[in-house]
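Structure data follow from final-v1.cif (mmCIF, C-alpha atoms, pLDDT in the B column; chains and numbers go by the auth columns):
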data_final
#
loop_
_atom_site.group_PDB
_atom_site.id
_atom_site.type_symbol
_atom_site.label_atom_id
_atom_site.label_comp_id
_atom_site.label_asym_id
_atom_site.label_seq_id
_atom_site.Cartn_x
_atom_site.Cartn_y
_atom_site.Cartn_z
_atom_site.B_iso_or_equiv
_atom_site.auth_seq_id
_atom_site.auth_asym_id
ATOM 1 C CA MET A 1 -10.779 -12.167 -23.610 54.00 1 A
ATOM 2 C CA GLY A 2 -9.726 -12.818 -20.055 57.00 2 A
ATOM 3 C CA PRO A 3 -11.864 -13.266 -16.975 60.00 3 A
ATOM 4 C CA CYS A 4 -11.426 -9.602 -15.996 81.00 4 A
ATOM 5 C CA GLU A 5 -12.560 -8.425 -19.397 81.00 5 A
ATOM 6 C CA GLY A 6 -15.709 -10.493 -19.161 78.00 6 A
ATOM 7 C CA GLU A 7 -16.489 -9.113 -15.737 85.00 7 A
ATOM 8 C CA VAL A 8 -15.822 -5.596 -17.003 84.00 8 A
ATOM 9 C CA ARG A 9 -18.227 -6.105 -19.919 87.00 9 A
ATOM 10 C CA VAL A 10 -20.922 -7.452 -17.597 88.00 10 A
ATOM 11 C CA LEU A 11 -20.430 -4.472 -15.300 88.00 11 A
ATOM 12 C CA GLU A 12 -20.516 -2.113 -18.299 91.00 12 A
ATOM 13 C CA ARG A 13 -23.786 -3.664 -19.465 92.00 13 A
ATOM 14 C CA GLU A 14 -25.220 -3.420 -15.975 92.00 14 A
ATOM 15 C CA LEU A 15 -24.087 0.199 -15.674 93.00 15 A
ATOM 16 C CA ALA A 16 -25.475 1.000 -19.124 94.00 16 A
ATOM 17 C CA GLY A 17 -28.788 -0.600 -18.135 93.00 17 A
ATOM 18 C CA ALA A 18 -28.834 1.262 -14.831 94.00 18 A
ATOM 19 C CA LEU A 19 -28.021 4.500 -16.635 94.00 19 A
ATOM 20 C CA ARG A 20 -30.793 3.885 -19.179 95.00 20 A
ATOM 21 C CA ARG A 21 -33.294 3.167 -16.383 95.00 21 A
ATOM 22 C CA ALA A 22 -32.187 6.299 -14.507 96.00 22 A
ATOM 23 C CA GLN A 23 -32.605 8.363 -17.689 96.00 23 A
ATOM 24 C CA GLN A 24 -36.046 6.869 -18.259 96.00 24 A
ATOM 25 C CA GLN A 25 -37.035 7.651 -14.679 96.00 25 A
ATOM 26 C CA GLU A 26 -35.720 11.188 -15.064 96.00 26 A
ATOM 27 C CA ALA A 27 -37.674 11.577 -18.319 96.00 27 A
ATOM 28 C CA ARG A 28 -40.849 10.337 -16.568 96.00 28 A
ATOM 29 C CA ALA A 29 -40.240 12.704 -13.653 96.00 29 A
ATOM 30 C CA LEU A 30 -39.736 15.623 -16.036 96.00 30 A
ATOM 31 C CA GLU A 31 -42.916 14.707 -17.929 97.00 31 A
ATOM 32 C CA GLN A 32 -44.860 14.520 -14.665 96.00 32 A
ATOM 33 C CA GLN A 33 -43.418 17.887 -13.627 96.00 33 A
ATOM 34 C CA ARG A 34 -44.453 19.385 -16.992 96.00 34 A
ATOM 35 C CA GLU A 35 -47.965 17.956 -16.603 96.00 35 A
ATOM 36 C CA LEU A 36 -48.219 19.348 -13.070 95.00 36 A
ATOM 37 C CA LEU A 37 -47.101 22.774 -14.276 95.00 37 A
ATOM 38 C CA GLU A 38 -49.691 22.683 -17.058 95.00 38 A
ATOM 39 C CA THR A 39 -52.362 21.680 -14.548 95.00 39 A
ATOM 40 C CA LEU A 40 -51.285 24.498 -12.250 94.00 40 A
ATOM 41 C CA CYS A 41 -51.379 26.996 -15.118 94.00 41 A
ATOM 42 C CA ARG A 42 -54.881 25.833 -16.086 94.00 42 A
ATOM 43 C CA ALA A 43 -55.998 26.074 -12.467 94.00 43 A
ATOM 44 C CA ASN A 44 -54.530 29.572 -12.168 93.00 44 A
ATOM 45 C CA THR A 45 -56.254 30.570 -15.393 94.00 45 A
ATOM 46 C CA ARG A 46 -59.597 29.199 -14.160 92.00 46 A
ATOM 47 C CA GLU A 47 -59.109 30.897 -10.812 94.00 47 A
ATOM 48 C CA ALA A 48 -58.255 34.214 -12.468 94.00 48 A
ATOM 49 C CA SER A 49 -61.238 33.827 -14.772 94.00 49 A
ATOM 50 C CA ALA A 50 -63.542 33.040 -11.854 93.00 50 A
ATOM 51 C CA GLU A 51 -62.162 36.029 -9.949 94.00 51 A
ATOM 52 C CA LYS A 52 -62.709 38.253 -12.977 94.00 52 A
ATOM 53 C CA VAL A 53 -66.307 37.045 -13.278 95.00 53 A
ATOM 54 C CA ALA A 54 -66.870 37.621 -9.560 95.00 54 A
ATOM 55 C CA LEU A 55 -65.432 41.132 -9.755 95.00 55 A
ATOM 56 C CA GLU A 56 -67.515 41.930 -12.837 96.00 56 A
ATOM 57 C CA THR A 57 -70.638 40.641 -11.065 96.00 57 A
ATOM 58 C CA LEU A 58 -69.814 42.737 -8.010 96.00 58 A
ATOM 59 C CA ARG A 59 -69.222 45.805 -10.199 96.00 59 A
ATOM 60 C CA ARG A 60 -72.591 45.351 -11.939 96.00 60 A
ATOM 61 C CA SER A 61 -74.314 44.845 -8.603 96.00 61 A
ATOM 62 C CA GLN A 62 -72.730 48.002 -7.194 97.00 62 A
ATOM 63 C CA GLU A 63 -73.695 49.972 -10.298 96.00 63 A
ATOM 64 C CA GLN A 64 -77.274 48.733 -9.994 97.00 64 A
ATOM 65 C CA GLU A 65 -77.320 49.657 -6.318 97.00 65 A
ATOM 66 C CA ALA A 66 -75.925 53.113 -7.150 96.00 66 A
ATOM 67 C CA ARG A 67 -78.668 53.630 -9.760 97.00 67 A
ATOM 68 C CA SER A 68 -81.285 52.497 -7.262 96.00 68 A
ATOM 69 C CA LEU A 69 -79.933 54.861 -4.608 96.00 69 A
ATOM 70 C CA GLN A 70 -79.869 57.698 -7.143 97.00 70 A
ATOM 71 C CA ARG A 71 -83.535 57.062 -8.032 97.00 71 A
ATOM 72 C CA GLU A 72 -84.420 56.920 -4.344 96.00 72 A
ATOM 73 C CA ARG A 73 -82.566 60.188 -3.725 96.00 73 A
ATOM 74 C CA GLU A 74 -84.399 61.837 -6.627 96.00 74 A
ATOM 75 C CA ASP A 75 -87.741 60.533 -5.342 96.00 75 A
ATOM 76 C CA LEU A 76 -86.998 61.870 -1.878 96.00 76 A
ATOM 77 C CA GLN A 77 -85.964 65.214 -3.351 96.00 77 A
ATOM 78 C CA ARG A 78 -89.250 65.427 -5.291 96.00 78 A
ATOM 79 C CA GLU A 79 -91.181 64.497 -2.178 96.00 79 A
ATOM 80 C CA ARG A 80 -89.332 67.163 -0.189 96.00 80 A
ATOM 81 C CA VAL A 81 -90.197 69.781 -2.823 96.00 81 A
ATOM 82 C CA GLU A 82 -93.843 68.654 -2.830 95.00 82 A
ATOM 83 C CA LEU A 83 -93.990 68.822 0.959 95.00 83 A
ATOM 84 C CA GLN A 84 -92.430 72.275 0.915 96.00 84 A
ATOM 85 C CA MET A 85 -95.016 73.414 -1.650 96.00 85 A
ATOM 86 C CA GLU A 86 -97.815 71.898 0.448 95.00 86 A
ATOM 87 C CA LYS A 87 -96.456 73.633 3.548 95.00 87 A
ATOM 88 C CA GLU A 88 -96.378 76.966 1.700 94.00 88 A
ATOM 89 C CA ARG A 89 -99.917 76.412 0.387 94.00 89 A
ATOM 90 C CA MET A 90 -101.180 75.630 3.863 95.00 90 A
ATOM 91 C CA GLN A 91 -99.370 78.704 5.228 94.00 91 A
ATOM 92 C CA ARG A 92 -101.091 80.900 2.617 93.00 92 A
ATOM 93 C CA GLU A 93 -104.464 79.352 3.406 91.00 93 A
ATOM 94 C CA ARG A 94 -103.941 79.958 7.091 92.00 94 A
ATOM 95 C CA GLU A 95 -102.961 83.545 6.415 91.00 95 A
ATOM 96 C CA GLU A 96 -106.051 83.983 4.225 89.00 96 A
ATOM 97 C CA LEU A 97 -108.242 82.534 6.960 89.00 97 A
ATOM 98 C CA GLU A 98 -106.663 84.841 9.524 88.00 98 A
ATOM 99 C CA CYS A 99 -107.350 87.796 7.250 89.00 99 A
ATOM 100 C CA LEU A 100 -110.950 86.729 6.788 85.00 100 A
ATOM 101 C CA THR A 101 -111.542 86.205 10.509 83.00 101 A
ATOM 102 C CA SER A 102 -109.901 89.468 11.488 73.00 102 A
#

Take the structure from the file and write it as structure tokens.
Amino acid sequence: MGPCEGEVRVLERELAGALRRAQQQEARALEQQRELLETLCRANTREASAEKVALETLRRSQEQEARSLQREREDLQRERVELQMEKERMQREREELECLTS
């Protein structure tokens, strides 16, 4: 083995080592990227879940408000009917009094 061959082998070992280190770094970078993607997916899932819960809560609240407004409308309708009946009763009484005083 001549001096050039020895230098070539040293360079080959150095290149092989550098290549191995580069591959290891690439593998670490890919693993980190995979972990980040998993974290992002979990975060998106949590966010979607939280949004779903918020929308469901809002829907229930709106349904409850609609029921409350419906009850209030029915109460007001009953009150209107009662007032109309009272008005008619008072009108009859007034007419009766007018007849009696005439």

Point-to-point distance in Å for CA of Arg80 (chain A) and CA of Arg67 (chain A):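 It comes out at 19.7 Å.
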
CA of Glu95 (chain A) to CA of Leu83 (chain A), distance in Å rounded to a single decimal: 18.1 Å

Computed interatomic separation between CA of Ser49 (chain A) and CA of Ser61 (chain A) (Å):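 Result for CA of Ser49 (chain A) versus CA of Ser61 (chain A): 18.2 Å, one decimal.
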